[in-house]
Structure formats: C-alpha cells, structure tokens
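The block underneath contains the structure these notes are about, expressed in structure tokens.
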Amino acid sequence: MPHRFAAGLLTLALTLPALAACGSDDAAGDGGRRQLTVWLMKDTATDGFVKDFEASFEKDHPEYDLTVQIQEWDGITEKVTGALASTDPPDVIEVGNTQVAQYAASGGVTDLSGKVDELRGKDWLPGLADPGAVDGHQFGIPFYAANRVVIYRTDLFQAKGITPPTTREEWLAATARLNQGGVQGIYLPGQNWYVLAGFVWDEGGDLAVRDGDRWKGALDTPKALAGADFYRQLQALGNGPKDSDEAKPQQTDVFARGDVAQLIAVPGAAKLVTTANPDLDGKLGFFPIPGKRANEPGAVFTGGSDLIVPVASTRQDGAYAVVEALAGEKWQTELAKTMNYVPNRTSLADAVEDDPGAAAMAVGAANGHATPNSPNWTAVEARNPIKEFLTKVLTGGDPKTAAADADAVITAALNTAN
C-alpha cells in the first residue's frame, strides 16, 4: 500500500471490455517497434519524471515504444483484477505492496523469483520485499516506500532541554516532561492500529500468523499484548480520543492548534500542519519512531508500491526491462529525490539525506514490516477488530479477553474462501 496508507481503495466496477486498450499490437509502434504499456498510480511521480523515463527507456531499448498511463486509486483493485484476467493487459502494473498476495492468488502474475539476485534483492527494504513474496515466490518487485515518523515541535523540545529520543524508554520520559502546562506530550488517537502494529513487531509479535494452510489471529500472545501495553502508556501522555482513529478528527488539524508536542505520521503531514497554522512554519522537526534499543529504530508499517508483470503480457522481456530500470539505482535515486520517497534499497537511503523528513523516514524503513501476507487481509481491515481491541485496552477492559475477541474475527476473515 502506498504512503496514502488508509486510502480505502474504494470500489468501482470496471468491465473487461474497458481494458481492451491496456496493451496493443506488438508491432503497432513507429518503425515496427513493439508497444509497452505501464500503469503507474496517480501521485507516484511527476509528469517530468514520467517523460524523462519514457525517453530514456526508449533510447536504451529502441525496439520498444513505451507508454506510461496514470491510474486513479479509486476502483484500482477491480481494474487490476480485470487486467490480470484479460488477454491484453498492460505489461507492468504498480500495485500497493500489501496487495501483491491478493493479485498473485489469481494466477495472473508472473513469478520473478529468478530475477531477484540481479535486481539486488538482498538489499531490498523488507517492508516491500516480504509482501511481494508469496509462498517463496517473488511476484512483486519493490518500487518505493513511505512510513510514519515522529513530527515534533522543535521549540517545545528546546524549551525543556529535550533532544529527540532514541529508545522507547527515553521517548516515554521525554513525552511525560512535555505533557504539562496545557501542552499534550503527544497526540495519539486510540485506534491508530498501524502504530500499534509497529510496537507489536518490536516485541517480536504479529497481528496474525500462518499455521500450516490456515491463518490465525495473534493478538492474544504475550508479545502482542506487550506492544499494546506500550501503546497504552504512550497514548496516556496526551488527550487523544480512545475510540477513534487519526482521521476523526484529522490529527493534523489537532496538531495545528499549537498545543501538541508530537504526532506520529508520514512526513508530508507537516505541510498540512503549517498550511493550517503558518505560525508553526520552521518549528517542526522529525525523528524515527524509537525502538527498544538505541542502535535500532522502532518497527514501522511500510506503505508503498511494488511492480508486477501480468502473465498474459506477450512482451515479458520488455516488461522485465521496465521493471529492471525502475527498480535500479538511477531511477530509484531520481524518484526519491523528486518525490521524497524512500528508495527500494537500504543502500540508497542517502538519496534523501538532504530532506529531514524523508531522511528520518528512511532510517525507520530499514525496520519496516507489512501486514500479514494473506490475500484476505483486506477483509480484516474492512471489519478491523484491531481498532476495537485498542479501545477496549485503553478504556480499562481486560487486554487478553479483548485480544481473544479480535483474534476470532481475524481468524475467521483470513480463512474465508474467496
């Protein structure tokens, strides 16, 4: 999932005939060049990046005529599903990283396992690479990432003599000192389950685990419950609601009021804050979510995209050439600098070192994770018992009982036949 995170991916039915123009005849281009069509998502790249990539690719591969088509997020799940079932799909499709398993389950995605080594797969961000792999086969090739960081008020930190913490223990202590005199130490709404997931992963737990051919919820485990308890301690150092998420109310609007010291969000949220309250311009900084140890950032949910190649594409060599270029150092670096994304390789993190928000994001991305790699995970998010679990924990309910209730819903959703 890209850095819009909870965008929802609204449904919009699209019929297969509407996909007839996805690809085209192999020799329909100028001078008999073979046609290649790539779907990239809206806001993935600038128009200038797309034009430069098309021109560069065609120069390096004169046998192809490349067209990049920009797709809207609304209704994309149905559109991609239809494309994978068609006989003339686009040759390369950008998809949310956590959706690869869903698409691979259709049998319509090319297995690129044999290309992992030459694509420098050992250097890929785990939060992009892991969800791109299904049952030991690499269907999704990491494209770009984004994840949450801590956005903080530099002036409030300085007034208390506080420097950005590097461990959870330091974070709690600093936040408690900030949570005084009409200032909230942190604004953390009670149902921000992506943040909870990071704390659970830090403890060595998960939201759900594979058990043979079945999945089962994993919140009712000591590790997951320890992550939830840390969430409870941190959330109490502010006035965030216990029964709603970051969108109700919009957490950037709350932060913009000027009485909050910290917020957990993607770096781009800082722009929304300063737009709402220009007085905060120049007073915001960023640091990675702290982990349990000073030399290791906290675990984070990695949003972002992978690239897939439909099996039905008759231009597999050309499709792979596009993937190889977009996933390679040159265009990864250009995309990161243009869009302030995290590149797909840990060794390319310095591409964003001049942008404080992106640099903090890149540090956290090295400890990135994805949601359980089940094609049915979207059904869990639709019902989202994890939010209800959090609210019960924060309002005095028994954590184990709440976790067991949530696990029952998760288990049922993940094992329901499509």
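Scheme for the structure tokens: letters A, B, ... for chains in order shown; per-chain residue numbers from 1; ligand numbers from 1 in order shown.
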Taking 2 positions as the minimum chain separation for residues in the same chain, which residues sit within 10 Å of region 270-282 of chain A when counting only C-alpha atoms? Answer as a ChimeraX atom specification. /A:151-155,251-258,263,265-268,284-286,357
Got a sec: who's within 7 Å of Thr333 (chain A), counting only C-alpha atoms, leaving out chain neighbours fewer than 3 positions off, as a list in words?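 Listed by chain and then number, they are Glu329, Lys330, Ala336, Lys337, Pro343 and Ala351 of chain A.
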Region 46-287 of chain A: residues DSSP assigns to strand (DSSP E), reported as an MDAnalysis selection string: chainID A and resid 64:71 92:96 133:134 137:138 141:146 149:153 208:211 214:217 262:265 284:287
Might you pull out every residue within 8 Å of Asn97 (chain A), with only C-alpha atoms counted and same-chain residues fewer than 2 positions away left off, and present them as a list of chain:residue names?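 Skipping anything fewer than 2 positions along the chain leaves A:Met1, A:Pro2, A:Val95, A:Gln99, A:Val100, A:Leu128, A:Pro131, A:Gly132, A:Gly140, A:Pro142, A:Gly303, A:Gly304, A:Ser305, A:Asp306.
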Interface rows for region 250-310 of chain A against region 173-193 of chain A: nearest pair, Å to one decimal, 6 Å, only C-alpha atoms, as a Markdown table:
| residue | atom | partner | partner_atom | distance |
| --- | --- | --- | --- | --- |
| A:Asp259 | CA | A:Val183 | CA | 4.8 |
| A:Val260 | CA | A:Gln184 | CA | 4.7 |
| A:Ala261 | CA | A:Gly185 | CA | 5.2 |
| A:Gln262 | CA | A:Ile186 | CA | 4.5 |
| A:Leu263 | CA | A:Tyr187 | CA | 5.6 |
I'd like to know which of A:Ala55, A:Glu170, A:Leu119, A:Leu196 is closest to Asp229 (chain A), using only C-alpha atoms.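 For Asp229 (chain A), the nearest of the given residues is A:Leu196.
Of the listed residues (A:Pro385, A:Pro310, A:Gly198, A:Gly121), A:Pro385 comes nearest to Val409 (chain A); the distances count only C-alpha atoms.
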List as a PyMOL selection string the protein and nucleic acid residues near Leu335 (chain A), meaning an atom at most 12 Å away when only C-alpha atoms are counted, but skip any in the same chain fewer than 2 places from it. chain A and resi 43-50+52-53+143-145+325-333+337-344+348+351-352
Tell me which of A:Ala366, A:Tyr64, A:Ser106, A:Leu394 sits closest to Gly32 (chain A), counting only C-alpha atoms.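 Of A:Ala366, A:Tyr64, A:Ser106, A:Leu394, the one nearest Gly32 (chain A) is A:Tyr64, counting only C-alpha atoms.
Between Phe199 (chain A) and the candidates A:Arg345, A:His137, A:Lys160, A:His369, the tightest atom-to-atom separation, counting only C-alpha atoms, involves A:His369.
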Which distance in Å separates CA of Pro399 (chain A) and CA of Leu219 (chain A), to one decimal? 9.3 Å
